[in-house]
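Below is input11.cif, which holds mmCIF, C-alpha atoms (C1' of nucleotides).
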```cif
data_run
#
loop_
_atom_site.label_atom_id
_atom_site.label_comp_id
_atom_site.auth_asym_id
_atom_site.auth_seq_id
_atom_site.Cartn_x
_atom_site.Cartn_y
_atom_site.Cartn_z
CA MET A 1 -46.01 4.53 -20.39
CA ARG A 2 -43.08 2.21 -20.26
CA ALA A 3 -43.40 -1.54 -19.96
CA ALA A 4 -42.67 -3.09 -16.60
CA ARG A 5 -38.96 -3.86 -16.00
CA ALA A 6 -37.43 -1.92 -18.83
CA PRO A 7 -34.91 0.64 -17.59
CA VAL A 8 -36.60 3.88 -16.80
CA GLU A 9 -35.52 7.46 -17.06
CA LEU A 10 -34.08 9.25 -14.12
CA ALA A 11 -36.97 11.64 -13.61
CA GLU A 12 -39.42 8.80 -13.69
CA ALA A 13 -37.37 6.78 -11.21
CA LYS A 14 -37.27 9.71 -8.87
CA GLY A 15 -41.01 10.04 -9.13
CA ARG A 16 -41.29 6.44 -8.04
CA GLY A 17 -39.28 7.04 -4.91
CA TYR A 18 -35.84 6.16 -6.22
CA TYR A 19 -32.70 8.15 -5.53
CA SER A 20 -29.60 8.84 -7.57
CA ILE A 21 -26.28 7.75 -6.14
CA GLY A 22 -25.40 11.29 -5.11
CA ARG A 23 -28.65 11.71 -3.26
CA ALA A 24 -28.24 8.29 -1.66
CA ALA A 25 -24.80 9.34 -0.50
CA GLU A 26 -26.17 12.50 1.07
CA LEU A 27 -28.94 10.62 2.79
CA THR A 28 -26.86 7.79 4.16
CA GLY A 29 -23.46 9.30 4.86
CA VAL A 30 -21.79 6.78 2.56
CA THR A 31 -19.96 8.51 -0.28
CA ALA A 32 -20.93 7.73 -3.86
CA LYS A 33 -17.43 6.37 -4.30
CA MET A 34 -17.91 3.92 -1.50
CA ILE A 35 -21.38 2.88 -2.63
CA ARG A 36 -19.93 1.87 -5.99
CA HIS A 37 -17.08 0.18 -4.21
CA TYR A 38 -19.39 -1.83 -1.97
CA GLU A 39 -21.37 -2.87 -5.00
CA SER A 40 -18.24 -4.03 -6.78
CA GLN A 41 -17.24 -6.00 -3.69
CA GLY A 42 -20.63 -7.66 -3.58
CA LEU A 43 -21.49 -6.20 -0.19
CA ILE A 44 -24.66 -4.75 -1.66
CA PRO A 45 -26.53 -6.06 -4.70
CA LYS A 46 -26.09 -4.42 -8.08
CA ALA A 47 -28.18 -1.29 -8.23
CA ASN A 48 -30.96 -0.84 -10.77
CA ARG A 49 -30.07 1.45 -13.64
CA THR A 50 -31.86 4.07 -15.68
CA VAL A 51 -31.71 4.11 -19.46
CA GLY A 52 -28.80 6.48 -19.12
CA ASP A 53 -27.04 3.85 -17.00
CA TYR A 54 -27.34 5.83 -13.78
CA ARG A 55 -27.71 3.82 -10.60
CA VAL A 56 -30.95 4.29 -8.67
CA TYR A 57 -31.66 3.37 -5.06
CA SER A 58 -34.89 2.56 -3.26
CA ALA A 59 -35.71 3.49 0.32
CA SER A 60 -34.76 0.02 1.45
CA ASP A 61 -31.45 0.26 -0.36
CA LEU A 62 -30.79 3.42 1.64
CA HIS A 63 -31.68 1.54 4.75
CA ALA A 64 -29.00 -1.03 4.04
CA LEU A 65 -26.48 1.69 3.32
CA ARG A 66 -27.19 3.31 6.66
CA PHE A 67 -26.76 -0.07 8.29
CA ILE A 68 -23.35 -0.39 6.70
CA ARG A 69 -22.38 3.12 7.66
CA ARG A 70 -23.34 2.56 11.26
CA ALA A 71 -21.51 -0.75 11.45
CA ARG A 72 -18.37 0.83 10.04
CA ASP A 73 -18.63 3.59 12.60
CA LEU A 74 -18.53 0.84 15.18
CA GLY A 75 -15.34 -0.47 13.64
CA PHE A 76 -16.67 -3.62 12.00
CA SER A 77 -14.69 -4.78 9.00
CA ILE A 78 -16.36 -5.28 5.64
CA LYS A 79 -16.32 -9.04 6.15
CA GLU A 80 -18.00 -8.71 9.49
CA ILE A 81 -20.56 -6.36 8.02
CA GLU A 82 -21.26 -8.92 5.34
CA SER A 83 -22.17 -11.38 8.07
CA LEU A 84 -24.21 -8.83 9.96
CA LEU A 85 -26.12 -7.89 6.83
CA GLY A 86 -26.88 -11.54 6.24
CA LEU A 87 -28.29 -11.88 9.72
CA TRP A 88 -30.13 -8.62 9.40
CA ARG A 89 -31.92 -9.77 6.29
CA ASN A 90 -32.63 -13.19 7.68
CA GLN A 91 -35.82 -13.02 9.68
CA ARG A 92 -35.13 -16.40 11.22
CA ARG A 93 -31.69 -15.64 12.63
CA ALA A 94 -30.90 -16.34 16.25
CA SER A 95 -29.87 -13.24 18.17
CA GLU A 96 -27.17 -15.40 19.69
CA GLN A 97 -25.28 -15.33 16.41
CA VAL A 98 -25.39 -11.57 16.31
CA LYS A 99 -24.30 -11.27 19.88
CA ARG A 100 -21.39 -13.58 19.26
CA LEU A 101 -20.14 -11.33 16.47
CA ALA A 102 -20.57 -8.29 18.67
CA VAL A 103 -18.75 -9.84 21.59
CA GLN A 104 -15.90 -10.95 19.38
CA HIS A 105 -15.63 -7.47 18.03
CA ILE A 106 -15.63 -5.98 21.51
CA ALA A 107 -12.74 -8.27 22.37
CA ALA A 108 -10.87 -7.14 19.27
CA LEU A 109 -11.44 -3.51 20.22
CA ASP A 110 -10.16 -4.25 23.70
CA ARG A 111 -7.00 -5.76 22.30
CA LYS A 112 -6.43 -2.72 20.12
CA ILE A 113 -7.11 -0.36 22.96
CA SER A 114 -4.72 -1.99 25.36
CA GLU A 115 -2.06 -2.16 22.70
CA LEU A 116 -2.36 1.56 22.13
CA GLN A 117 -2.48 2.24 25.83
CA SER A 118 0.72 0.38 26.36
CA MET A 119 2.41 2.38 23.61
CA ARG A 120 1.06 5.53 25.15
CA ALA A 121 2.32 4.63 28.61
CA THR A 122 5.81 3.85 27.39
CA LEU A 123 6.02 6.98 25.37
CA ALA A 124 4.60 9.17 28.11
CA ASP A 125 7.16 7.74 30.47
CA LEU A 126 9.97 8.53 28.09
CA ALA A 127 8.66 12.00 27.46
CA ALA A 128 8.37 12.68 31.15
CA HIS A 129 12.08 12.14 31.54
CA CYS A 130 12.99 14.36 28.65
CA GLN A 131 13.90 17.91 29.53
CA GLY A 132 12.64 19.21 26.21
CA ASP A 133 15.14 22.02 26.08
CA GLU A 134 17.87 23.12 23.71
CA ARG A 135 20.34 20.51 24.87
CA PRO A 136 20.92 17.39 22.80
CA GLN A 137 20.69 14.93 25.65
CA CYS A 138 17.45 13.04 25.19
CA PRO A 139 16.19 9.92 26.96
CA ILE A 140 13.64 9.29 24.25
CA LEU A 141 16.25 8.84 21.55
CA ASP A 142 18.47 7.01 24.00
CA ASP A 143 15.73 4.49 24.58
CA LEU A 144 14.87 4.08 20.93
CA GLY A 145 18.51 3.48 20.15
CA ARG A 146 19.15 1.09 22.96
CA CYS A 147 19.62 -2.57 22.13
CA SER A 148 16.56 -4.03 23.73
CA GLY A 149 15.87 -7.64 24.66
CA ASP A 150 14.18 -9.98 22.25
CA GLN A 151 14.07 -8.61 18.76
CA ARG A 152 12.17 -11.48 17.23
CA ARG A 153 8.57 -10.89 16.29
CA LYS A 154 5.80 -12.98 17.78
CA MET B 155 42.34 0.24 6.90
CA ARG B 156 40.49 -1.23 4.02
CA ALA B 157 41.93 -0.41 0.67
CA ALA B 158 38.96 0.67 -1.38
CA ARG B 159 35.26 0.55 -1.88
CA ALA B 160 35.51 -2.49 -4.09
CA PRO B 161 32.80 -4.99 -3.28
CA VAL B 162 34.00 -7.84 -1.13
CA GLU B 163 32.94 -11.42 -0.86
CA LEU B 164 30.41 -12.49 1.65
CA ALA B 165 32.72 -14.56 3.81
CA GLU B 166 35.17 -11.72 3.96
CA ALA B 167 32.48 -9.25 4.90
CA LYS B 168 31.30 -11.51 7.67
CA GLY B 169 34.84 -11.77 8.94
CA ARG B 170 34.91 -8.00 9.14
CA GLY B 171 31.82 -7.86 11.28
CA TYR B 172 29.22 -7.47 8.59
CA TYR B 173 25.91 -9.30 8.52
CA SER B 174 23.78 -10.64 5.73
CA ILE B 175 20.25 -9.33 5.42
CA GLY B 176 18.78 -12.49 6.92
CA ARG B 177 21.08 -12.27 9.91
CA ALA B 178 20.32 -8.58 10.29
CA ALA B 179 16.64 -9.43 10.26
CA GLU B 180 17.11 -12.01 13.00
CA LEU B 181 19.13 -9.65 15.10
CA THR B 182 16.90 -6.62 14.79
CA GLY B 183 13.40 -8.03 14.50
CA VAL B 184 12.89 -6.26 11.17
CA THR B 185 12.14 -8.73 8.39
CA ALA B 186 14.43 -8.89 5.38
CA LYS B 187 11.45 -7.80 3.30
CA MET B 188 11.02 -4.69 5.36
CA ILE B 189 14.72 -3.88 5.41
CA ARG B 190 14.72 -3.83 1.61
CA HIS B 191 11.52 -1.83 1.68
CA TYR B 192 12.95 0.77 4.03
CA GLU B 193 15.98 1.07 1.83
CA SER B 194 13.84 1.60 -1.24
CA GLN B 195 11.87 4.25 0.63
CA GLY B 196 15.06 6.02 1.59
CA LEU B 197 14.49 5.52 5.30
CA ILE B 198 17.88 3.87 5.58
CA PRO B 199 20.85 4.42 3.25
CA LYS B 200 21.59 1.92 0.51
CA ALA B 201 23.38 -1.04 1.97
CA ASN B 202 26.86 -2.01 0.90
CA ARG B 203 27.00 -5.02 -1.38
CA THR B 204 29.28 -7.99 -1.85
CA VAL B 205 30.58 -8.98 -5.29
CA GLY B 206 27.61 -11.33 -5.49
CA ASP B 207 25.34 -8.32 -4.91
CA TYR B 208 24.28 -9.40 -1.44
CA ARG B 209 23.52 -6.61 1.01
CA VAL B 210 25.75 -6.45 4.08
CA TYR B 211 25.09 -4.60 7.31
CA SER B 212 27.44 -3.24 9.94
CA ALA B 213 26.80 -3.18 13.66
CA SER B 214 25.73 0.43 13.41
CA ASP B 215 23.33 -0.39 10.59
CA LEU B 216 21.76 -2.95 12.92
CA HIS B 217 21.55 -0.27 15.55
CA ALA B 218 19.51 1.91 13.23
CA LEU B 219 17.26 -0.99 12.34
CA ARG B 220 16.59 -1.66 16.00
CA PHE B 221 15.80 1.99 16.40
CA ILE B 222 13.24 1.77 13.63
CA ARG B 223 11.77 -1.39 15.02
CA ARG B 224 11.36 0.12 18.44
CA ALA B 225 9.82 3.30 17.08
CA ARG B 226 7.32 1.29 15.06
CA ASP B 227 6.44 -0.70 18.15
CA LEU B 228 5.56 2.63 19.69
CA GLY B 229 3.27 3.34 16.78
CA PHE B 230 5.30 6.00 15.00
CA SER B 231 4.68 6.25 11.28
CA ILE B 232 7.49 5.94 8.80
CA LYS B 233 7.51 9.69 8.26
CA GLU B 234 7.79 10.31 11.95
CA ILE B 235 10.56 7.76 12.21
CA GLU B 236 12.37 9.54 9.43
CA SER B 237 12.36 12.69 11.55
CA LEU B 238 13.36 10.79 14.66
CA LEU B 239 16.24 9.14 12.85
CA GLY B 240 17.42 12.52 11.67
CA LEU B 241 17.42 13.84 15.20
CA TRP B 242 19.04 10.68 16.47
CA ARG B 243 21.94 11.03 14.07
CA ASN B 244 22.29 14.74 14.69
CA GLN B 245 24.46 15.22 17.72
CA ARG B 246 23.47 18.88 17.93
CA ARG B 247 19.71 18.36 18.06
CA ALA B 248 17.66 19.98 20.79
CA SER B 249 15.80 17.47 22.93
CA GLU B 250 12.86 19.84 22.68
CA GLN B 251 12.34 18.79 19.07
CA VAL B 252 12.25 15.16 20.02
CA LYS B 253 9.89 15.79 22.86
CA ARG B 254 7.57 17.71 20.60
CA LEU B 255 7.30 14.74 18.25
CA ALA B 256 6.71 12.42 21.17
CA VAL B 257 4.04 14.61 22.66
CA GLN B 258 2.27 14.96 19.34
CA HIS B 259 2.31 11.23 18.96
CA ILE B 260 0.93 10.73 22.44
CA ALA B 261 -1.93 13.03 21.51
CA ALA B 262 -2.58 11.03 18.36
CA LEU B 263 -2.60 7.82 20.39
CA ASP B 264 -5.04 9.40 22.80
CA ARG B 265 -7.38 10.31 19.98
CA LYS B 266 -7.29 6.77 18.63
CA ILE B 267 -7.81 5.30 22.05
CA SER B 268 -10.84 7.36 22.84
CA GLU B 269 -12.31 6.69 19.44
CA LEU B 270 -12.00 2.97 20.04
CA GLN B 271 -13.30 3.30 23.56
CA SER B 272 -16.38 5.05 22.34
CA MET B 273 -17.02 2.31 19.78
CA ARG B 274 -16.49 -0.25 22.46
CA ALA B 275 -18.90 1.43 24.84
CA THR B 276 -21.65 1.68 22.24
CA LEU B 277 -21.23 -1.89 21.20
CA ALA B 278 -21.07 -3.19 24.75
CA ASP B 279 -24.24 -1.34 25.51
CA LEU B 280 -25.99 -2.90 22.55
CA ALA B 281 -24.70 -6.34 23.40
CA ALA B 282 -25.85 -6.00 26.99
CA HIS B 283 -29.41 -5.58 25.79
CA CYS B 284 -29.28 -8.55 23.47
CA GLN B 285 -30.60 -11.79 24.87
CA GLY B 286 -28.26 -13.83 22.73
CA ASP B 287 -30.63 -16.75 22.43
CA GLU B 288 -32.31 -18.62 19.60
CA ARG B 289 -34.95 -15.96 18.99
CA PRO B 290 -34.54 -13.54 16.11
CA GLN B 291 -35.31 -10.39 18.07
CA CYS B 292 -32.04 -8.49 18.36
CA PRO B 293 -31.42 -4.93 19.58
CA ILE B 294 -28.00 -4.89 17.97
CA LEU B 295 -29.38 -5.33 14.48
CA ASP B 296 -32.28 -3.07 15.33
CA ASP B 297 -29.87 -0.32 16.20
CA LEU B 298 -27.67 -0.83 13.18
CA GLY B 299 -30.69 -0.65 10.96
CA ARG B 300 -32.26 2.33 12.59
CA CYS B 301 -32.23 5.62 10.73
CA SER B 302 -29.95 7.60 12.94
CA GLY B 303 -29.56 11.36 13.12
CA ASP B 304 -27.07 13.16 10.92
CA GLN B 305 -25.75 10.96 8.16
CA ARG B 306 -23.47 13.54 6.64
CA ARG B 307 -19.79 13.13 7.19
CA LYS B 308 -17.73 15.95 8.65
"C1'" DC C 309 29.42 -31.03 -9.10
"C1'" DT C 310 25.37 -31.13 -6.50
"C1'" DT C 311 22.39 -29.78 -2.91
"C1'" DG C 312 20.03 -26.65 -0.22
"C1'" DA C 313 20.03 -22.43 2.23
"C1'" DC C 314 20.10 -17.91 1.31
"C1'" DC C 315 20.03 -14.05 -1.55
"C1'" DT C 316 18.41 -11.02 -5.69
"C1'" DT C 317 14.58 -8.38 -8.24
"C1'" DC C 318 9.89 -7.84 -9.57
"C1'" DC C 319 5.03 -8.17 -9.27
"C1'" DC C 320 0.74 -8.69 -6.64
"C1'" DA C 321 -2.42 -8.41 -2.52
"C1'" DT C 322 -4.28 -6.67 1.61
"C1'" DG C 323 -8.30 -2.80 3.57
"C1'" DG C 324 -10.86 1.31 3.33
"C1'" DT C 325 -10.85 5.45 1.34
"C1'" DA C 326 -9.96 9.11 -1.78
"C1'" DG C 327 -8.41 11.81 -6.00
"C1'" DG C 328 -8.62 12.48 -10.75
"C1'" DA C 329 -9.11 11.88 -15.89
"C1'" DA C 330 -11.99 11.24 -19.85
"C1'" DG C 331 -16.30 10.93 -21.37
"C1'" DG C 332 -21.64 10.37 -21.24
"C1'" DT C 333 -26.49 12.00 -19.27
"C1'" DT C 334 -29.83 15.06 -17.42
"C1'" DC C 335 -31.96 19.14 -16.98
"C1'" DA C 336 -32.77 24.04 -16.61
"C1'" DT C 337 -32.16 28.16 -18.86
"C1'" DC C 338 -31.49 31.11 -22.85
"C1'" DG D 339 -32.40 23.39 -30.08
"C1'" DA D 340 -28.02 24.83 -28.10
"C1'" DT D 341 -25.32 25.61 -24.09
"C1'" DG D 342 -23.48 24.85 -19.54
"C1'" DA D 343 -23.59 23.11 -14.99
"C1'" DA D 344 -24.24 19.36 -12.24
"C1'" DC D 345 -24.18 14.87 -12.09
"C1'" DC D 346 -23.11 10.46 -13.55
"C1'" DT D 347 -20.10 6.58 -15.79
"C1'" DT D 348 -15.67 3.59 -15.82
"C1'" DC D 349 -10.92 3.08 -14.94
"C1'" DC D 350 -6.48 4.07 -12.93
"C1'" DT D 351 -3.63 5.75 -9.05
"C1'" DA D 352 -2.42 6.42 -4.31
"C1'" DC D 353 -2.08 5.84 0.61
"C1'" DC D 354 0.53 2.69 4.66
"C1'" DA D 355 3.01 -1.27 6.29
"C1'" DT D 356 3.34 -5.73 5.39
"C1'" DG D 357 3.75 -10.18 3.30
"C1'" DG D 358 3.52 -13.88 -0.44
"C1'" DG D 359 5.53 -15.85 -4.24
"C1'" DA D 360 8.04 -16.63 -8.73
"C1'" DA D 361 12.28 -16.89 -11.34
"C1'" DG D 362 16.84 -16.85 -11.00
"C1'" DG D 363 21.73 -15.96 -8.89
"C1'" DT D 364 25.34 -16.98 -4.92
"C1'" DC D 365 27.49 -19.48 -1.53
"C1'" DA D 366 29.18 -23.10 1.68
"C1'" DA D 367 29.45 -27.87 2.63
"C1'" DG D 368 29.47 -32.62 1.13
#
```
Could I get this structure in the form of structure tokens?
Amino acid sequence: MRAARAPVELAEAKGRGYYSIGRAAELTGVTAKMIRHYESQGLIPKANRTVGDYRVYSASDLHALRFIRRARDLGFSIKEIESLLGLWRNQRRASEQVKRLAVQHIAALDRKISELQSMRATLADLAAHCQGDERPQCPILDDLGRCSGDQRRK
Amino acid sequence: MRAARAPVELAEAKGRGYYSIGRAAELTGVTAKMIRHYESQGLIPKANRTVGDYRVYSASDLHALRFIRRARDLGFSIKEIESLLGLWRNQRRASEQVKRLAVQHIAALDRKISELQSMRATLADLAAHCQGDERPQCPILDDLGRCSGDQRRK
DNA sequence: CTTGACCTTCCCATGGTAGGAAGGTTCATC
DNA sequence: GATGAACCTTCCTACCATGGGAAGGTCAAG
């Protein structure tokens, strides 16, 4: 029997309900690469290691990884996820703070969406006027090449 | 008719209708940084230089830069712009080729848009159920932390 | 000749993800 | 107890478009 906090062997860790990084990746949908990356960025705490220096993850570590995965699927940036994780772990948070982050993010998504929609509309309009045949005449290129109004960026 | 390809002085170049990189940037909305970058990437040909090694741009160079700027505003990638520029310069292109690129890009924009819309919808739904008050109970965090279905990536 | 605006090149950073090389660990099977 | 596969380790590179900044050269005007 090994003394308390000394690094353990992989098999033993598994027996105690720990998971290797590959298994954690499978179970959470976050690649092993990204788990290491998040650790190096400080988004998640440094994982415990076995004697062979393998990372091991507990069920609650997996829980956090799933949280991250889900938040990324919703388009939150790593910084935002850092905040969300903080609130998640803080039992005394006010849901108002969480909602504020969510609402801000919704607004950001809306901005992105309407930006893309405006591109799409312009391009669809151009394409609609293009014959799309073997002739060289093309309103799309004509438009792209035209000297348009204000060239200066915001 | 200008005698040779010998580099000229800046003042002389300006007199002949050439523009410095800073001026070109102002006039096209493409920053000087990006103009150099595009040149290094081969998107635009190497600029002519003065004896002092300053880049100079002709009116038609500016035209191409505006083309690039406009295409980027429409969300085309550099690779796509490379193709578009090729077609633009080729007087014998078929407008069909241009249209195909445009249509493909519209489809890509549509995919992005609906991806963002789906994120937005999920998040708005979560936010709608969150009281947003001083209490810690929060459906947004609850959802993020919940073990959802299939974690494996495509 | 000096000043200051403008230019040059070169390096570094962003953000999120992935690929790969070179080498060590674990574990099951012979 | 050796071998080989599967897995892990660290470290470096790349993507894409953009921008920041340093160190130094060029140019026009005073």
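Listed by chain and then by number, the residues chosen by the PyMOL selection byres ((chain C and resi 317-328) around 10) in this file are Thr31, Lys33, Met34, His37, Ser77 and Ile78 of chain A; DT316, DA329 and DA330 of chain C; DC350, DT351, DA352, DC353, DT356, DG357, DG358, DG359, DA360, DA361 and DG362 of chain D.
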If you keep C-alpha atoms (C1' of nucleotides), can you produce a file of those selected residues as a CSV table (one decimal), in the coordinates of the input?
```csv
chain,number,residue,atom,x,y,z
A,31,THR,CA,-20.0,8.5,-0.3
A,33,LYS,CA,-17.4,6.4,-4.3
A,34,MET,CA,-17.9,3.9,-1.5
A,37,HIS,CA,-17.1,0.2,-4.2
A,77,SER,CA,-14.7,-4.8,9.0
A,78,ILE,CA,-16.4,-5.3,5.6
C,316,DT,C1',18.4,-11.0,-5.7
C,329,DA,C1',-9.1,11.9,-15.9
C,330,DA,C1',-12.0,11.2,-19.8
D,350,DC,C1',-6.5,4.1,-12.9
D,351,DT,C1',-3.6,5.8,-9.0
D,352,DA,C1',-2.4,6.4,-4.3
D,353,DC,C1',-2.1,5.8,0.6
D,356,DT,C1',3.3,-5.7,5.4
D,357,DG,C1',3.8,-10.2,3.3
D,358,DG,C1',3.5,-13.9,-0.4
D,359,DG,C1',5.5,-15.8,-4.2
D,360,DA,C1',8.0,-16.6,-8.7
D,361,DA,C1',12.3,-16.9,-11.3
D,362,DG,C1',16.8,-16.8,-11.0
```
Task: Given the PyMOL selection byres ((chain D) within 9 of (chain B)), the residues it picks as a ChimeraX atom specification - done: /D:354-357,363-365
Open item on the list: I'd like the residues picked by the PyMOL selection byres ((chain D and resi 341) around 10) written out as a ChimeraX atom specification, using the chain letters and numbers from the file.
Closed with: /C:337-338 /D:339-340,342-343
Skip Ser212 in chain B itself and residues of its chain fewer than 3 positions away, then list as a short mmCIF file (atom, residue, chain, number, x, y, z; two decimals) with C-alpha atoms, in the coordinates of the input all residues within 8 Å of it, counting all atoms listed in the file.
```cif
data_model
loop_
_atom_site.label_atom_id
_atom_site.label_comp_id
_atom_site.auth_asym_id
_atom_site.auth_seq_id
_atom_site.Cartn_x
_atom_site.Cartn_y
_atom_site.Cartn_z
CA GLY B 171 31.82 -7.86 11.28
CA TYR B 172 29.22 -7.47 8.59
CA TYR B 173 25.91 -9.30 8.52
CA ASP B 215 23.33 -0.39 10.59
CA LEU B 216 21.76 -2.95 12.92
#
```
- [ ] Within 8 Å of (23.8, -27.4, -0.2) (coordinates as in the file), grab all the protein and nucleic acid residues, counting all atoms listed in the file, and write them out as a PyMOL selection string.
- [x] (chain C and resi 310-313) or (chain D and resi 366-368)
Let's have the selection written as a compact mmCIF listing (two decimals), keeping the file's coordinate frame, with C-alpha atoms (C1' of nucleotides).
```txt
# COMPACT_ATOMS: atom_id res chain seq x y z
C1' DT C 310 25.37 -31.13 -6.50
C1' DT C 311 22.39 -29.78 -2.91
C1' DG C 312 20.03 -26.65 -0.22
C1' DA C 313 20.03 -22.43 2.23
C1' DA D 366 29.18 -23.10 1.68
C1' DA D 367 29.45 -27.87 2.63
C1' DG D 368 29.47 -32.62 1.13
```
TODO: Quick one: pull the distance between CA of Pro290 in chain B and CA of Phe67 in chain A, Å, one decimal.
DONE: 17.4 Å
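Once chain A is fitted to chain B over the full set of C-alpha atoms, matched in order, the RMSD stands at 1.2 Å.
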Near chain B, 8 Å: chain A residue rows, closest pairs, only C-alpha atoms, as a tab-separated table:
```
residue	atom	partner	partner_atom	distance
A:Glu26	CA	B:Arg306	CA	6.3
A:Leu27	CA	B:Gln305	CA	6.3
A:Thr28	CA	B:Gln305	CA	5.2
A:Gly29	CA	B:Gln305	CA	4.3
A:His63	CA	B:Gly299	CA	6.7
A:Ala64	CA	B:Gly299	CA	7.1
A:Arg66	CA	B:Gly299	CA	6.8
A:Phe67	CA	B:Gly299	CA	4.8
A:Ile68	CA	B:Leu298	CA	7.8
A:Arg70	CA	B:Leu298	CA	5.8
A:Ala71	CA	B:Leu298	CA	6.4
A:Asp73	CA	B:Met273	CA	7.5
A:Leu74	CA	B:Met273	CA	5.1
A:Gly75	CA	B:Met273	CA	6.9
A:Leu84	CA	B:Leu295	CA	7.7
A:Trp88	CA	B:Leu295	CA	6.1
A:Gln91	CA	B:Pro290	CA	6.6
A:Arg92	CA	B:Pro290	CA	5.7
A:Arg93	CA	B:Pro290	CA	5.0
A:Ala94	CA	B:Glu288	CA	4.3
A:Ser95	CA	B:Gly286	CA	4.9
A:Glu96	CA	B:Gly286	CA	3.6
A:Gln97	CA	B:Gly286	CA	7.1
A:Val98	CA	B:Ile294	CA	7.4
A:Lys99	CA	B:Gly286	CA	5.5
A:Arg100	CA	B:Gly286	CA	7.7
A:Ala102	CA	B:Ala281	CA	6.6
A:Val103	CA	B:Ala281	CA	7.1
A:Ile106	CA	B:Arg274	CA	5.9
A:Leu109	CA	B:Arg274	CA	6.4
A:Asp110	CA	B:Arg274	CA	7.6
A:Lys112	CA	B:Leu270	CA	8.0
A:Ile113	CA	B:Ile267	CA	5.8
A:Leu116	CA	B:Leu263	CA	6.5
A:Gln117	CA	B:Ile267	CA	7.2
A:Met119	CA	B:Leu228	CA	5.0
A:Arg120	CA	B:Ile260	CA	5.9
A:Thr122	CA	B:Leu228	CA	7.8
A:Leu123	CA	B:Ala256	CA	6.9
A:Ala124	CA	B:Ile260	CA	6.9
A:Ala127	CA	B:Lys253	CA	6.1
A:Cys130	CA	B:Lys253	CA	6.7
A:Gln131	CA	B:Ser249	CA	6.9
A:Gly132	CA	B:Glu250	CA	3.6
A:Asp133	CA	B:Glu250	CA	4.6
A:Glu134	CA	B:Ala248	CA	4.3
A:Arg135	CA	B:Ala248	CA	4.9
A:Pro136	CA	B:Ala248	CA	4.6
A:Gln137	CA	B:Ser249	CA	6.1
A:Cys138	CA	B:Ser249	CA	5.2
A:Ile140	CA	B:Val252	CA	7.4
A:Leu141	CA	B:Trp242	CA	6.1
A:Leu144	CA	B:Phe221	CA	5.1
A:Gly145	CA	B:Phe221	CA	4.9
A:Arg146	CA	B:Phe221	CA	7.4
A:Cys147	CA	B:Arg220	CA	6.9
A:Gln151	CA	B:Gly183	CA	4.4
A:Arg152	CA	B:Gly183	CA	4.6
A:Arg153	CA	B:Gly183	CA	5.9
```
Selected residues written out with C-alpha atoms, as a tab-separated table (two decimals), in the coordinates of the input:
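The result, written out as result.tsv:
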```
chain	number	residue	atom	x	y	z
A	26	GLU	CA	-26.17	12.50	1.07
A	27	LEU	CA	-28.94	10.62	2.79
A	28	THR	CA	-26.86	7.79	4.16
A	29	GLY	CA	-23.46	9.30	4.86
A	63	HIS	CA	-31.68	1.54	4.75
A	64	ALA	CA	-29.00	-1.03	4.04
A	66	ARG	CA	-27.19	3.31	6.66
A	67	PHE	CA	-26.76	-0.07	8.29
A	68	ILE	CA	-23.35	-0.39	6.70
A	70	ARG	CA	-23.34	2.56	11.26
A	71	ALA	CA	-21.51	-0.75	11.45
A	73	ASP	CA	-18.63	3.59	12.60
A	74	LEU	CA	-18.53	0.84	15.18
A	75	GLY	CA	-15.34	-0.47	13.64
A	84	LEU	CA	-24.21	-8.83	9.96
A	88	TRP	CA	-30.13	-8.62	9.40
A	91	GLN	CA	-35.82	-13.02	9.68
A	92	ARG	CA	-35.13	-16.40	11.22
A	93	ARG	CA	-31.69	-15.64	12.63
A	94	ALA	CA	-30.90	-16.34	16.25
A	95	SER	CA	-29.87	-13.24	18.17
A	96	GLU	CA	-27.17	-15.40	19.69
A	97	GLN	CA	-25.28	-15.33	16.41
A	98	VAL	CA	-25.39	-11.57	16.31
A	99	LYS	CA	-24.30	-11.27	19.88
A	100	ARG	CA	-21.39	-13.58	19.26
A	102	ALA	CA	-20.57	-8.29	18.67
A	103	VAL	CA	-18.75	-9.84	21.59
A	106	ILE	CA	-15.63	-5.98	21.51
A	109	LEU	CA	-11.44	-3.51	20.22
A	110	ASP	CA	-10.16	-4.25	23.70
A	112	LYS	CA	-6.43	-2.72	20.12
A	113	ILE	CA	-7.11	-0.36	22.96
A	116	LEU	CA	-2.36	1.56	22.13
A	117	GLN	CA	-2.48	2.24	25.83
A	119	MET	CA	2.41	2.38	23.61
A	120	ARG	CA	1.06	5.53	25.15
A	122	THR	CA	5.81	3.85	27.39
A	123	LEU	CA	6.02	6.98	25.37
A	124	ALA	CA	4.60	9.17	28.11
A	127	ALA	CA	8.66	12.00	27.46
A	130	CYS	CA	12.99	14.36	28.65
A	131	GLN	CA	13.90	17.91	29.53
A	132	GLY	CA	12.64	19.21	26.21
A	133	ASP	CA	15.14	22.02	26.08
A	134	GLU	CA	17.87	23.12	23.71
A	135	ARG	CA	20.34	20.51	24.87
A	136	PRO	CA	20.92	17.39	22.80
A	137	GLN	CA	20.69	14.93	25.65
A	138	CYS	CA	17.45	13.04	25.19
A	140	ILE	CA	13.64	9.29	24.25
A	141	LEU	CA	16.25	8.84	21.55
A	144	LEU	CA	14.87	4.08	20.93
A	145	GLY	CA	18.51	3.48	20.15
A	146	ARG	CA	19.15	1.09	22.96
A	147	CYS	CA	19.62	-2.57	22.13
A	151	GLN	CA	14.07	-8.61	18.76
A	152	ARG	CA	12.17	-11.48	17.23
A	153	ARG	CA	8.57	-10.89	16.29
```
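Here the question is which of A:Gln104, A:Asn48, A:Ser60, A:Ser20 gets nearest to chain C using all atoms listed in the file, and that residue is A:Ser20.
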